[in-house]
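Colleague: Provided herewith: protein.tsv, TSV, C-alpha atoms and all ligand atoms.
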```tsv
chain	number	residue	atom	x	y	z
A	1403	MET	CA	75.29	39.15	40.42
A	1404	ASN	CA	76.70	42.41	39.08
A	1405	LYS	CA	76.55	45.54	41.16
A	1406	LYS	CA	74.25	48.18	39.69
A	1407	ILE	CA	76.02	51.08	38.02
A	1408	PHE	CA	73.94	54.20	37.41
A	1409	VAL	CA	74.71	56.99	34.97
A	1410	THR	CA	75.73	59.09	37.93
A	1411	LYS	CA	76.00	59.08	41.71
A	1412	PRO	CA	76.02	62.14	43.92
A	1413	SER	CA	79.26	63.38	45.44
A	1414	MET	CA	78.92	63.19	49.20
A	1415	PRO	CA	81.27	64.86	51.71
A	1416	PRO	CA	82.57	62.86	54.70
A	1417	LEU	CA	79.46	62.45	56.90
A	1418	GLN	CA	81.14	64.01	59.94
A	1419	GLU	CA	81.76	67.25	58.03
A	1420	TYR	CA	78.07	67.54	57.20
A	1421	VAL	CA	77.13	66.66	60.79
A	1422	GLU	CA	79.29	69.56	62.01
A	1423	GLN	CA	77.27	71.90	59.77
A	1424	LEU	CA	74.02	70.37	61.05
A	1425	LYS	CA	75.07	71.16	64.62
A	1426	ILE	CA	75.40	74.82	63.64
A	1427	ILE	CA	71.94	74.76	62.04
A	1428	TRP	CA	70.49	73.15	65.19
A	1429	ASN	CA	72.13	75.79	67.31
A	1430	ASN	CA	70.87	78.65	65.16
A	1431	GLU	CA	67.33	77.31	64.96
A	1432	TRP	CA	67.19	78.95	61.55
A	1433	LEU	CA	66.27	76.59	58.72
A	1434	THR	CA	65.56	78.67	55.64
A	1435	ASN	CA	64.90	82.25	54.39
A	1436	ASN	CA	68.42	83.67	54.03
A	1437	GLY	CA	70.11	81.96	56.96
A	1438	ILE	CA	73.81	82.04	57.80
A	1439	MET	CA	74.59	78.91	55.75
A	1440	HIS	CA	72.79	80.39	52.75
A	1441	ASN	CA	74.66	83.67	52.98
A	1442	THR	CA	78.03	82.01	53.53
A	1443	PHE	CA	77.44	79.69	50.57
A	1444	GLU	CA	76.51	82.65	48.38
A	1445	ASP	CA	79.74	84.43	49.38
A	1446	GLU	CA	81.87	81.33	48.77
A	1447	LEU	CA	80.35	80.88	45.33
A	1448	LYS	CA	81.07	84.48	44.43
A	1449	SER	CA	84.68	84.05	45.35
A	1450	TYR	CA	84.96	80.62	43.65
A	1451	LEU	CA	83.43	81.98	40.43
A	1452	GLN	CA	85.12	85.39	40.78
A	1453	VAL	CA	81.87	87.24	40.11
A	1454	ASP	CA	80.13	90.14	41.84
A	1455	TYR	CA	76.57	88.85	41.96
A	1456	THR	CA	75.05	85.47	42.61
A	1457	THR	CA	71.58	84.58	43.89
A	1458	LEU	CA	70.76	81.14	45.25
A	1459	TYR	CA	67.62	79.11	44.53
A	1460	VAL	CA	65.99	75.91	45.63
A	1461	ASN	CA	66.81	74.36	42.25
A	1462	GLY	CA	68.20	75.24	38.85
A	1463	HIS	CA	64.84	75.19	37.10
A	1464	LEU	CA	63.22	77.86	39.26
A	1465	ALA	CA	66.42	79.90	39.03
A	1466	LEU	CA	66.08	79.89	35.24
A	1467	ASP	CA	62.40	80.71	35.48
A	1468	CYS	CA	63.19	83.71	37.72
A	1469	ALA	CA	66.03	84.84	35.42
A	1470	ILE	CA	63.68	85.00	32.44
A	1471	LYS	CA	61.04	86.81	34.48
A	1472	ALA	CA	63.55	89.35	35.85
A	1473	LEU	CA	64.71	90.27	32.36
A	1474	ASN	CA	61.13	91.27	31.39
A	1475	LEU	CA	61.19	89.36	28.11
A	1476	ASN	CA	58.34	89.04	25.68
A	1477	GLY	CA	57.73	87.43	22.28
A	1478	GLU	CA	60.24	84.85	21.04
A	1479	VAL	CA	63.34	83.30	22.53
A	1480	ILE	CA	65.85	81.49	20.33
A	1481	THR	CA	67.01	78.31	22.02
A	1482	THR	CA	68.34	74.80	21.54
A	1483	PRO	CA	66.18	71.68	21.21
A	1484	PHE	CA	69.02	69.49	22.52
A	1485	THR	CA	68.68	69.94	26.26
A	1486	PHE	CA	66.84	68.79	29.34
A	1487	VAL	CA	63.22	69.87	29.14
A	1488	SER	CA	63.68	72.38	31.97
A	1489	THR	CA	65.19	74.89	29.51
A	1490	THR	CA	62.10	74.92	27.28
A	1491	HIS	CA	59.65	74.75	30.17
A	1492	ALA	CA	61.18	77.90	31.66
A	1493	ILE	CA	60.61	79.78	28.40
A	1494	VAL	CA	57.05	78.52	27.93
A	1495	MET	CA	56.04	78.99	31.59
A	1496	ASN	CA	56.96	82.65	31.17
A	1497	GLY	CA	54.47	83.00	28.31
A	1498	LEU	CA	57.21	83.17	25.68
A	1499	THR	CA	57.59	81.28	22.41
A	1500	PRO	CA	60.66	79.08	21.99
A	1501	VAL	CA	62.21	79.22	18.52
A	1502	PHE	CA	64.45	76.22	18.03
A	1503	CYS	CA	67.83	76.56	16.41
A	1504	ASP	CA	69.90	73.56	15.33
A	1505	ILE	CA	73.08	72.49	17.11
A	1506	LYS	CA	76.64	71.85	15.93
A	1507	MET	CA	77.96	68.37	15.33
A	1508	GLU	CA	81.31	69.22	16.94
A	1509	ASP	CA	80.04	69.92	20.47
A	1510	TYR	CA	76.20	69.74	20.39
A	1511	THR	CA	75.77	73.37	21.48
A	1512	ILE	CA	73.53	75.85	19.61
A	1513	ASP	CA	74.81	76.61	16.10
A	1514	GLU	CA	75.70	80.28	16.22
A	1515	ASN	CA	75.75	80.43	12.40
A	1516	LYS	CA	72.07	79.53	12.23
A	1517	ILE	CA	70.80	82.01	14.83
A	1518	GLU	CA	70.58	85.25	12.84
A	1519	SER	CA	68.19	83.83	10.24
A	1520	LEU	CA	65.74	83.12	13.10
A	1521	ILE	CA	65.76	86.66	14.50
A	1522	ASN	CA	62.75	88.86	13.75
A	1523	GLU	CA	60.98	91.81	15.39
A	1524	LYS	CA	59.46	89.49	18.04
A	1525	THR	CA	62.80	88.06	19.21
A	1526	THR	CA	63.87	89.31	22.64
A	1527	ALA	CA	66.47	86.82	23.83
A	1528	ILE	CA	68.76	83.89	23.16
A	1529	LEU	CA	68.73	81.08	25.72
A	1530	ALA	CA	71.70	78.82	25.00
A	1531	VAL	CA	72.85	75.74	26.91
A	1532	HIS	CA	76.43	74.73	27.70
A	1533	VAL	CA	75.32	71.17	27.16
A	1534	TYR	CA	77.41	68.47	28.93
A	1535	GLY	CA	79.53	71.38	30.23
A	1536	CYS	CA	80.79	72.28	26.70
A	1537	PRO	CA	80.80	76.05	26.33
A	1538	CYS	CA	78.72	77.57	23.55
A	1539	ASN	CA	80.57	79.91	21.22
A	1540	VAL	CA	80.28	82.68	23.80
A	1541	GLU	CA	82.10	85.36	21.79
A	1542	VAL	CA	79.95	85.02	18.68
A	1543	LEU	CA	76.74	84.75	20.71
A	1544	GLU	CA	77.71	87.95	22.54
A	1545	LYS	CA	78.20	89.75	19.22
A	1546	ILE	CA	74.86	88.56	17.83
A	1547	ALA	CA	73.03	89.53	21.04
A	1548	ARG	CA	74.59	92.98	21.07
A	1549	LYS	CA	73.97	93.60	17.38
A	1550	HIS	CA	70.26	92.77	17.68
A	1551	GLN	CA	69.82	94.11	21.23
A	1552	LEU	CA	68.81	90.74	22.61
A	1553	LYS	CA	69.25	89.44	26.13
A	1554	LEU	CA	71.65	86.51	26.35
A	1555	ILE	CA	70.89	83.85	28.95
A	1556	TYR	CA	72.96	80.74	29.55
A	1557	ASP	CA	71.57	77.54	30.95
A	1558	ALA	CA	74.84	76.47	32.54
A	1559	ALA	CA	73.18	73.67	34.53
A	1560	HIS	CA	75.96	71.27	33.45
A	1561	ALA	CA	78.84	73.73	33.52
A	1562	PHE	CA	79.76	74.45	37.14
A	1563	GLY	CA	83.56	74.48	37.39
A	1564	VAL	CA	84.05	75.15	33.67
A	1565	GLY	CA	86.40	77.95	32.65
A	1566	ILE	CA	86.92	79.60	29.29
A	1567	ASN	CA	89.62	82.04	28.14
A	1568	GLY	CA	90.97	81.98	31.70
A	1569	LYS	CA	87.64	83.08	33.20
A	1570	SER	CA	84.66	81.36	34.72
A	1571	ILE	CA	82.01	80.39	32.18
A	1572	ALA	CA	79.66	82.48	34.32
A	1573	SER	CA	81.29	85.69	33.16
A	1574	TYR	CA	79.50	85.55	29.79
A	1575	GLY	CA	75.97	86.63	28.93
A	1576	ASP	CA	73.45	88.65	30.93
A	1577	ILE	CA	72.68	85.79	33.32
A	1578	SER	CA	73.92	82.22	33.75
A	1579	MET	CA	72.10	79.51	35.66
A	1580	PHE	CA	73.92	76.67	37.44
A	1581	SER	CA	72.18	73.58	38.77
A	1582	PHE	CA	73.37	72.01	42.02
A	1583	HIS	CA	71.12	68.97	41.72
A	1584	ALA	CA	72.34	65.70	43.24
A	1585	THR	CA	73.22	64.39	39.77
A	1586	LYS	CA	75.53	67.28	38.91
A	1587	VAL	CA	79.32	67.60	39.19
A	1588	PHE	CA	78.73	69.76	42.24
A	1589	ASN	CA	75.61	69.41	44.36
A	1590	SER	CA	73.78	71.00	47.25
A	1591	ILE	CA	71.27	68.11	47.25
A	1592	GLU	CA	68.88	70.28	45.21
A	1593	GLY	CA	69.85	73.82	44.37
A	1594	GLY	CA	70.70	76.37	41.78
A	1595	ALA	CA	72.27	79.76	41.33
A	1596	LEU	CA	72.03	82.72	39.02
A	1597	VAL	CA	75.21	84.61	38.24
A	1598	TYR	CA	75.12	88.05	36.62
A	1599	GLU	CA	77.06	91.29	36.33
A	1600	ASP	CA	74.23	93.81	36.41
A	1601	GLY	CA	73.74	94.54	40.12
A	1602	SER	CA	70.40	96.23	39.44
A	1603	LEU	CA	68.91	92.75	38.89
A	1604	GLN	CA	69.72	91.57	42.40
A	1605	LYS	CA	66.76	93.10	44.21
A	1606	ARG	CA	64.22	91.69	41.76
A	1607	LEU	CA	65.85	88.25	41.71
A	1608	ASN	CA	65.67	88.13	45.50
A	1609	GLN	CA	62.03	89.22	45.46
A	1610	LEU	CA	61.05	86.67	42.80
A	1611	LYS	CA	62.28	83.74	44.88
A	1612	ASN	CA	60.39	85.00	47.94
A	1613	PHE	CA	56.80	85.47	46.72
A	1614	GLY	CA	57.61	88.95	45.34
A	1615	ILE	CA	57.95	90.19	48.91
A	1616	GLU	CA	60.16	93.20	49.56
A	1617	GLY	CA	59.46	93.63	53.29
A	1618	PRO	CA	56.95	92.41	55.91
A	1619	GLU	CA	54.29	94.77	54.58
A	1620	GLU	CA	55.37	95.12	50.95
A	1621	ILE	CA	54.37	92.65	48.24
A	1622	VAL	CA	55.71	94.22	45.07
A	1623	ASP	CA	55.60	91.42	42.49
A	1624	THR	CA	54.16	88.01	41.66
A	1625	GLY	CA	56.80	85.56	42.80
A	1626	PHE	CA	57.68	81.97	43.65
A	1627	ASN	CA	58.83	80.27	46.79
A	1628	ALA	CA	62.23	79.27	45.42
A	1629	LYS	CA	64.56	79.91	48.33
A	1630	MET	CA	67.48	77.62	49.15
A	1631	ASN	CA	67.27	76.16	52.66
A	1632	GLU	CA	70.08	75.84	55.20
A	1633	PHE	CA	70.54	72.07	54.77
A	1634	SER	CA	71.17	72.47	51.06
A	1635	ALA	CA	73.50	75.40	51.59
A	1636	ALA	CA	75.44	73.38	54.18
A	1637	MET	CA	75.80	70.49	51.71
A	1638	GLY	CA	77.03	72.94	49.08
A	1639	LEU	CA	79.61	74.36	51.48
A	1640	CYS	CA	80.88	70.86	52.31
A	1641	ASN	CA	80.99	69.68	48.69
A	1642	LEU	CA	82.70	72.79	47.37
A	1643	LYS	CA	85.89	71.75	49.19
A	1644	TYR	CA	86.05	68.52	47.19
A	1645	LEU	CA	85.07	69.86	43.76
A	1646	LYS	CA	88.61	70.17	42.41
A	1647	GLU	CA	89.44	66.62	43.49
A	1648	ASP	CA	86.18	65.29	42.01
A	1649	ILE	CA	86.84	66.97	38.67
A	1650	GLU	CA	90.32	65.40	38.58
A	1651	ILE	CA	88.82	61.94	39.10
A	1652	ARG	CA	86.22	62.61	36.40
A	1653	LYS	CA	89.05	63.63	34.09
A	1654	HIS	CA	90.80	60.34	34.80
A	1655	ILE	CA	87.60	58.38	34.05
A	1656	THR	CA	87.12	60.36	30.82
A	1657	MET	CA	90.67	59.45	29.78
A	1658	LEU	CA	90.02	55.76	30.50
A	1659	TYR	CA	86.88	55.82	28.34
A	1660	ASN	CA	88.71	57.74	25.60
A	1661	GLU	CA	91.60	55.28	25.52
A	1662	SER	CA	89.39	52.24	25.54
A	1663	LEU	CA	86.74	53.39	23.07
A	1664	SER	CA	88.78	55.50	20.64
A	1665	ASP	CA	89.33	52.56	18.28
A	1666	CYS	CA	85.65	51.49	18.22
A	1667	VAL	CA	84.53	52.36	14.71
A	1668	GLY	CA	81.08	53.89	14.58
A	1669	ILE	CA	81.24	55.15	18.18
A	1670	LYS	CA	81.81	58.90	18.28
A	1671	ILE	CA	83.33	60.39	21.39
A	1672	LEU	CA	82.83	64.08	22.11
A	1673	ASP	CA	86.16	65.70	21.23
A	1674	THR	CA	86.65	68.62	23.56
A	1675	GLN	CA	90.43	68.83	23.58
A	1676	LYS	CA	90.77	71.56	20.95
A	1677	GLN	CA	88.86	74.20	22.77
A	1678	ASN	CA	90.28	76.91	24.96
A	1679	TYR	CA	88.54	75.85	28.13
A	1680	THR	CA	88.92	73.92	31.34
A	1681	GLN	CA	86.39	71.12	31.53
A	1682	ASN	CA	84.38	69.69	34.40
A	1683	TYR	CA	83.90	66.25	32.77
A	1684	ALA	CA	80.22	66.30	33.71
A	1685	TYR	CA	79.00	63.69	31.23
A	1686	PHE	CA	80.47	61.10	28.88
A	1687	PRO	CA	78.23	61.06	25.78
A	1688	ILE	CA	78.85	58.72	22.85
A	1689	LEU	CA	77.04	58.58	19.51
A	1690	VAL	CA	76.31	55.14	18.07
A	1691	ASP	CA	76.23	55.12	14.27
A	1692	HIS	CA	74.44	51.85	13.59
A	1693	THR	CA	75.31	51.93	9.89
A	1694	VAL	CA	78.93	51.38	10.93
A	1695	THR	CA	78.67	49.48	14.23
A	1696	GLY	CA	75.95	47.08	13.11
A	1697	PHE	CA	74.02	47.73	16.33
A	1698	THR	CA	71.81	50.65	17.35
A	1699	ARG	CA	72.04	52.97	20.33
A	1700	ASP	CA	68.98	51.28	21.80
A	1701	GLU	CA	70.50	47.81	21.38
A	1702	LEU	CA	73.60	48.98	23.23
A	1703	PHE	CA	71.45	50.62	25.91
A	1704	ASN	CA	69.59	47.31	26.45
A	1705	LYS	CA	72.76	45.23	26.46
A	1706	LEU	CA	74.26	47.44	29.16
A	1707	LEU	CA	70.97	47.37	31.07
A	1708	ASN	CA	71.01	43.56	31.03
A	1709	ASN	CA	74.40	43.85	32.70
A	1710	ASP	CA	73.01	46.20	35.40
A	1711	ILE	CA	74.56	49.27	33.81
A	1712	PHE	CA	72.00	52.05	33.72
A	1713	THR	CA	73.04	54.50	31.00
A	1714	ARG	CA	70.78	57.37	29.93
A	1715	LYS	CA	69.74	58.80	26.58
A	1716	TYR	CA	70.42	62.43	27.52
A	1717	PHE	CA	68.77	64.03	25.52
A	1718	TYR	CA	66.18	61.87	23.78
A	1719	PRO	CA	63.55	62.55	22.65
A	1720	LEU	CA	64.45	65.89	21.21
A	1721	ILE	CA	62.33	68.60	22.86
A	1722	THR	CA	60.52	69.26	19.56
A	1723	LYS	CA	59.57	65.58	19.39
A	1724	SER	CA	58.45	65.23	23.00
A	1725	GLU	CA	54.82	64.50	23.73
A	1726	CYS	CA	54.57	67.85	25.47
A	1727	TYR	CA	55.82	70.02	22.62
A	1728	HIS	CA	55.72	68.21	19.28
A	1729	LEU	CA	52.26	69.41	18.25
A	1730	LYS	CA	53.17	73.04	18.90
A	1731	TYR	CA	56.81	73.20	17.92
A	1732	GLY	CA	57.50	69.95	16.04
A	1733	ASN	CA	57.28	71.41	12.56
A	1734	VAL	CA	60.89	72.53	12.35
A	1735	TYR	CA	63.94	71.17	10.51
A	1736	LEU	CA	66.74	70.37	12.95
A	1737	PRO	CA	68.88	67.74	11.20
A	1738	VAL	CA	71.92	67.78	13.48
A	1739	ALA	CA	69.94	67.81	16.74
A	1740	ASP	CA	67.78	65.01	15.37
A	1741	TYR	CA	70.80	62.94	14.37
A	1742	VAL	CA	72.50	63.37	17.74
A	1743	SER	CA	69.38	62.75	19.82
A	1744	GLU	CA	68.63	59.50	17.94
A	1745	ARG	CA	72.14	58.15	18.55
A	1746	VAL	CA	73.34	59.55	21.87
A	1747	LEU	CA	74.02	57.53	24.99
A	1748	THR	CA	75.58	58.99	28.14
A	1749	LEU	CA	77.81	56.50	29.94
A	1750	PRO	CA	78.26	56.37	33.72
A	1751	ILE	CA	80.62	58.97	35.13
A	1752	TYR	CA	81.01	60.11	38.73
A	1753	ALA	CA	83.79	60.62	41.22
A	1754	SER	CA	83.35	57.27	43.00
A	1755	LEU	CA	83.23	55.18	39.79
A	1756	ASP	CA	85.85	52.43	39.84
A	1757	ASP	CA	88.43	51.97	37.05
A	1758	ASN	CA	87.33	48.30	36.91
A	1759	ASP	CA	83.74	49.36	36.30
A	1760	VAL	CA	84.82	51.59	33.43
A	1761	GLU	CA	86.73	48.64	31.98
A	1762	ARG	CA	83.68	46.39	32.35
A	1763	ILE	CA	81.46	48.95	30.58
A	1764	CYS	CA	83.96	49.36	27.74
A	1765	ASN	CA	84.37	45.59	27.36
A	1766	ILE	CA	80.61	45.15	26.95
A	1767	ILE	CA	80.56	47.89	24.30
A	1768	LYS	CA	83.51	46.33	22.47
A	1769	ALA	CA	81.95	42.87	22.57
A	1770	MET	CA	78.70	44.04	20.91
B	1	LIG	N1	68.79	72.73	32.45
B	1	LIG	C1	69.45	71.61	32.12
B	1	LIG	C2	70.23	71.60	30.85
B	1	LIG	C3	69.43	70.50	32.96
B	1	LIG	O1	70.10	69.37	32.60
B	1	LIG	C4	68.70	70.56	34.16
B	1	LIG	C5	68.63	69.40	35.04
B	1	LIG	C6	68.04	71.75	34.49
B	1	LIG	C7	68.09	72.82	33.59
B	1	LIG	C8	67.24	71.93	35.74
B	1	LIG	O2	68.07	71.93	36.91
B	1	LIG	P1	67.46	71.38	38.31
B	1	LIG	O3	66.15	72.08	38.53
B	1	LIG	O4	67.32	69.89	38.23
B	1	LIG	O5	68.48	71.83	39.32
B	1	LIG	C9	68.25	64.46	36.11
B	1	LIG	C10	68.23	65.59	37.11
B	1	LIG	O6	67.10	65.49	38.00
B	1	LIG	C11	68.23	66.96	36.51
B	1	LIG	O7	68.71	67.83	37.49
B	1	LIG	C12	69.16	67.03	35.30
B	1	LIG	N2	69.11	68.29	34.64
B	1	LIG	C13	68.84	65.93	34.32
B	1	LIG	C14	69.78	65.96	33.13
B	1	LIG	O8	69.02	64.69	34.97
B	1	LIG	P2	66.62	62.49	35.70
B	1	LIG	O9	65.15	62.41	35.60
B	1	LIG	O10	67.43	61.84	34.66
B	1	LIG	O11	67.15	62.01	37.15
B	1	LIG	P3	67.14	60.60	37.84
B	1	LIG	O12	66.41	60.71	39.14
B	1	LIG	O13	66.69	59.56	36.89
B	1	LIG	O14	68.67	60.40	38.20
B	1	LIG	C15	69.63	59.93	37.27
B	1	LIG	C16	70.46	58.83	37.91
B	1	LIG	O15	71.23	59.38	38.98
B	1	LIG	C17	69.64	57.73	38.54
B	1	LIG	O16	69.49	56.70	37.61
B	1	LIG	C18	70.46	57.28	39.74
B	1	LIG	C19	71.34	58.45	40.07
B	1	LIG	N3	70.98	59.12	41.30
B	1	LIG	C20	70.01	60.10	41.27
B	1	LIG	C21	69.68	60.78	42.42
B	1	LIG	C22	68.63	61.85	42.40
B	1	LIG	C23	71.59	58.78	42.48
B	1	LIG	O17	72.44	57.87	42.50
B	1	LIG	N4	71.28	59.46	43.63
B	1	LIG	C24	70.35	60.45	43.65
B	1	LIG	O18	70.13	61.06	44.70
B	1	LIG	O19	66.98	64.06	35.75
```
Could you show the structure in this file as C-alpha cells?
Ligand code: T4K

Modeller:
Amino acid sequence: MNKKIFVTKPSMPPLQEYVEQLKIIWNNEWLTNNGIMHNTFEDELKSYLQVDYTTLYVNGHLALDCAIKALNLNGEVITTPFTFVSTTHAIVMNGLTPVFCDIKMEDYTIDENKIESLINEKTTAILAVHVYGCPCNVEVLEKIARKHQLKLIYDAAHAFGVGINGKSIASYGDISMFSFHATKVFNSIEGGALVYEDGSLQKRLNQLKNFGIEGPEEIVDTGFNAKMNEFSAAMGLCNLKYLKEDIEIRKHITMLYNESLSDCVGIKILDTQKQNYTQNYAYFPILVDHTVTGFTRDELFNKLLNNDIFTRKYFYPLITKSECYHLKYGNVYLPVADYVSERVLTLPIYASLDDNDVERICNIIKAM
C-alpha cells in the first residue's frame, strides 16, 4: 500500500522546543489577550519583515475582515476571482460589493491593465491577492490606487517570506494580510497578521480584534474576538527559526518538479524565474491543457487520488461560479481566470516531502 501524500503538511518544530515554550505559558498562567508570547511574536515579526507596525490575529480571514473595517470602506472593491473564498467573504461581510477583475496568464495575479475600466464613483479600494506567493504588479497597482484615491489592500495569505525589489512584500499597499494557518509556508497553528505603515491604524485594529474594547469600561466600536492566543504565538516563535531552511527545501522540491515536468507537453508550470523577487515556493500549480495532453485536469486528479496522492484544485470553482456567489456576481466575463480555474491542479509541496515522493508523483503524471 502507498503512503498517503497530501497537498501539504504543516511544518512542525522539534517537539522539545515547543514544550519549552509551553512551560513558560504554564508558569505565566496567561493564555490569551496580549500575553508575553503574543507580544514577543509580534516584535519578532516586525523585525523579520522590517516593518513598523504589525497586529496579530487568530487567523488570516478575521485579520482581513478587520483590515477592511478599519479602512472605513464603502461601495465597491475591485478584486480577483482567482483566490480562496476568504478574500471575497471579507469584502461581502463588510457590506461591500466585490467587482471582479480578470487575472494574468503569466502569474495568475490580478490584471493591472484591466483595473481602471472597472473604477467608478462607487469604487473605494482594490483588494489584490499575491496568489501562490507570486507578487502582484505592486508598482502599477500603487499608481492606480494613488491616481484614483483608492485604498490598496493585499491578501498576502500565501506570501509570507516573499521579497520584492529587495524589500518585504509587506511594504506595499495600505495593509497586507498574512495567514499563518497550518497549511501555509509558515504557521502558528492558526493565525494571521496585518502589516501596515500608517501607525494611526494600530489602535483601531487592536480594538477590532477585542470586541471594540478600548479599556475595562470603554466599548468604542463593534468588534470581533479575533485575538491570537499564547499557544499559537509560541508555535509561531518556534517555527520562525526554521522558515529559511523550509523555504530552501521547498525550492529544491520546486526544482525537482520543474526538471521532471518541463518536457511534458500540455502541462504548464508557473514560470516565476523572470521576476525581481525572492520566492517562498508556497504552492506548485500546474495547468493541464487537455487538448494537448489528451487527458483532463480532473482525470489527472483522479489518477493521482487512486495512487493515494491528494492534490487540490486551488482555486476551483472560480469565486464567481461558486454556489455562494454565482447568482449575484456570476454575470461577468473573466476568460483568463476561467481558463486557469478549469485546468489548475496544485501538486504536493511541503518541507518534509521526500525526493522519492516527488519522483513518484511525476512518474504518474508522465505515464498518463
Ligand atoms: N486568503 C487566501 C488567499 C487564502 O488562501 C486563505 C486561506 C485565507 C485568505 C484565509 O486565511 P486563514 O483564515 O485560513 O488563515 C486551506 C486552509 O484552511 C486555508 O488556510 C487556505 N487559505 C486554503 C488555500 O487552504 P482547505 O479547506 O483546503 O484545507 P484542508 O483542511 O483541506 O487542508 C489541506 C490539506 O492539508 C489536507 O488535505 C491535509 C493537509 N493538512 C491540513 C491540516 C489543517 C495537514 O496535513 N495537517 C493539518 O493540520 O483550506

Colleague: Per residue of chain A within 8 Å of ligand LIG 1 (chain B), record the nearest atom pair and its distance in Å to one decimal, counting all atoms listed in the file, with rows in chain order and ascending residue number, as a Markdown table.

Modeller:
```
| residue | atom | partner | partner_atom | distance |
| --- | --- | --- | --- | --- |
| A:Phe1408 | CA | B:LIG1 | O16 | 5.1 |
| A:Val1409 | CA | B:LIG1 | C16 | 5.5 |
| A:Thr1410 | CA | B:LIG1 | O15 | 4.6 |
| A:Lys1411 | CA | B:LIG1 | O17 | 3.8 |
| A:Pro1412 | CA | B:LIG1 | N4 | 5.5 |
| A:Val1460 | CA | B:LIG1 | O5 | 7.9 |
| A:Asn1461 | CA | B:LIG1 | O5 | 4.2 |
| A:Gly1462 | CA | B:LIG1 | O5 | 3.5 |
| A:His1463 | CA | B:LIG1 | O3 | 3.7 |
| A:Leu1464 | CA | B:LIG1 | O3 | 6.5 |
| A:Ala1465 | CA | B:LIG1 | O3 | 7.8 |
| A:Leu1466 | CA | B:LIG1 | C7 | 7.5 |
| A:Thr1485 | CA | B:LIG1 | C2 | 5.1 |
| A:Phe1486 | CA | B:LIG1 | O1 | 4.6 |
| A:Val1487 | CA | B:LIG1 | N1 | 7.1 |
| A:Ser1488 | CA | B:LIG1 | C7 | 4.7 |
| A:Thr1489 | CA | B:LIG1 | N1 | 5.1 |
| A:Val1531 | CA | B:LIG1 | C2 | 6.3 |
| A:His1532 | CA | B:LIG1 | C2 | 7.6 |
| A:Val1533 | CA | B:LIG1 | C2 | 6.3 |
| A:Asp1557 | CA | B:LIG1 | N1 | 5.8 |
| A:Ala1558 | CA | B:LIG1 | C2 | 6.9 |
| A:Ala1559 | CA | B:LIG1 | C1 | 4.9 |
| A:His1560 | CA | B:LIG1 | O1 | 6.2 |
| A:Phe1580 | CA | B:LIG1 | O5 | 7.5 |
| A:Ser1581 | CA | B:LIG1 | O5 | 4.1 |
| A:Phe1582 | CA | B:LIG1 | O5 | 5.6 |
| A:His1583 | CA | B:LIG1 | O5 | 4.6 |
| A:Ala1584 | CA | B:LIG1 | O18 | 5.3 |
| A:Thr1585 | CA | B:LIG1 | O15 | 5.4 |
| A:Lys1586 | CA | B:LIG1 | O7 | 7.0 |
| A:Ile1591 | CA | B:LIG1 | O18 | 7.6 |
| A:Glu1592 | CA | B:LIG1 | O5 | 6.1 |
| A:Gly1593 | CA | B:LIG1 | O5 | 5.6 |
| A:Gly1594 | CA | B:LIG1 | O5 | 5.6 |
| A:Phe1712 | CA | B:LIG1 | O16 | 6.6 |
| A:Thr1713 | CA | B:LIG1 | O16 | 7.8 |
| A:Arg1714 | CA | B:LIG1 | O10 | 7.3 |
| A:Tyr1716 | CA | B:LIG1 | C14 | 6.7 |
| A:Phe1717 | CA | B:LIG1 | C14 | 7.9 |
```

Colleague: Select, from A:Thr1748, A:Thr1674, A:Gln1609, A:Thr1442, the residue with the minimum atom-to-atom distance to Asp1509 of chain A, counting only C-alpha atoms.

Modeller: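 For Asp1509 of chain A, the nearest of the given residues is A:Thr1674.
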
Colleague: Residues near segment 1755-1757 of chain A, anyone? I mean within 10 Å using all atoms listed in the file, not counting same-chain ones fewer than 3 positions away, as a ChimeraX atom specification.

Modeller: /A:1407-1411,1651-1652,1654-1655,1658-1659,1750-1752,1760-1763

Colleague: What's the separation between atom CA of Ser1413 of chain A and atom CA of Glu1446 of chain A, in Å to one decimal place?

Modeller: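 These two atoms are separated by 18.4 Å.
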
Colleague: Write out as a PDB file with C-alpha atoms, in the frame of the given file each polymer residue whose atoms come within 10 Å of Leu1458 of chain A, counting all atoms listed in the file; drop sequence neighbours fewer than 4 positions from it.

Modeller:
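File written: selection_26.pdb
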```
ATOM      1  CA  ASN A1436      68.420  83.670  54.030  1.00  0.00           C
ATOM      2  CA  HIS A1440      72.790  80.390  52.750  1.00  0.00           C
ATOM      3  CA  ASN A1441      74.660  83.670  52.980  1.00  0.00           C
ATOM      4  CA  PHE A1443      77.440  79.690  50.570  1.00  0.00           C
ATOM      5  CA  GLU A1444      76.510  82.650  48.380  1.00  0.00           C
ATOM      6  CA  LEU A1447      80.350  80.880  45.330  1.00  0.00           C
ATOM      7  CA  GLY A1462      68.200  75.240  38.850  1.00  0.00           C
ATOM      8  CA  ALA A1465      66.420  79.900  39.030  1.00  0.00           C
ATOM      9  CA  MET A1579      72.100  79.510  35.660  1.00  0.00           C
ATOM     10  CA  PHE A1580      73.920  76.670  37.440  1.00  0.00           C
ATOM     11  CA  GLY A1593      69.850  73.820  44.370  1.00  0.00           C
ATOM     12  CA  GLY A1594      70.700  76.370  41.780  1.00  0.00           C
ATOM     13  CA  ALA A1595      72.270  79.760  41.330  1.00  0.00           C
ATOM     14  CA  LEU A1596      72.030  82.720  39.020  1.00  0.00           C
ATOM     15  CA  VAL A1597      75.210  84.610  38.240  1.00  0.00           C
ATOM     16  CA  LEU A1607      65.850  88.250  41.710  1.00  0.00           C
ATOM     17  CA  ASN A1608      65.670  88.130  45.500  1.00  0.00           C
ATOM     18  CA  LYS A1611      62.280  83.740  44.880  1.00  0.00           C
ATOM     19  CA  ALA A1628      62.230  79.270  45.420  1.00  0.00           C
ATOM     20  CA  LYS A1629      64.560  79.910  48.330  1.00  0.00           C
ATOM     21  CA  MET A1630      67.480  77.620  49.150  1.00  0.00           C
ATOM     22  CA  ASN A1631      67.270  76.160  52.660  1.00  0.00           C
ATOM     23  CA  ALA A1635      73.500  75.400  51.590  1.00  0.00           C
TER      24      ALA A1635
END
```

Colleague: Taking (83.1, 70.2, 26.2) in the coordinates of the supplied file, I want to know which residues reach to within 8 Å of it, counting all atoms listed in the file; could you give the answer as a ChimeraX atom specification?

Modeller: /A:1509,1533-1537,1672-1675,1677,1681,1683

Colleague: What separation in Å, quoted to one decimal, exists between atom CA of Gly1696 of chain A and atom CA of Met1770 of chain A?

Modeller: 8.8 Å
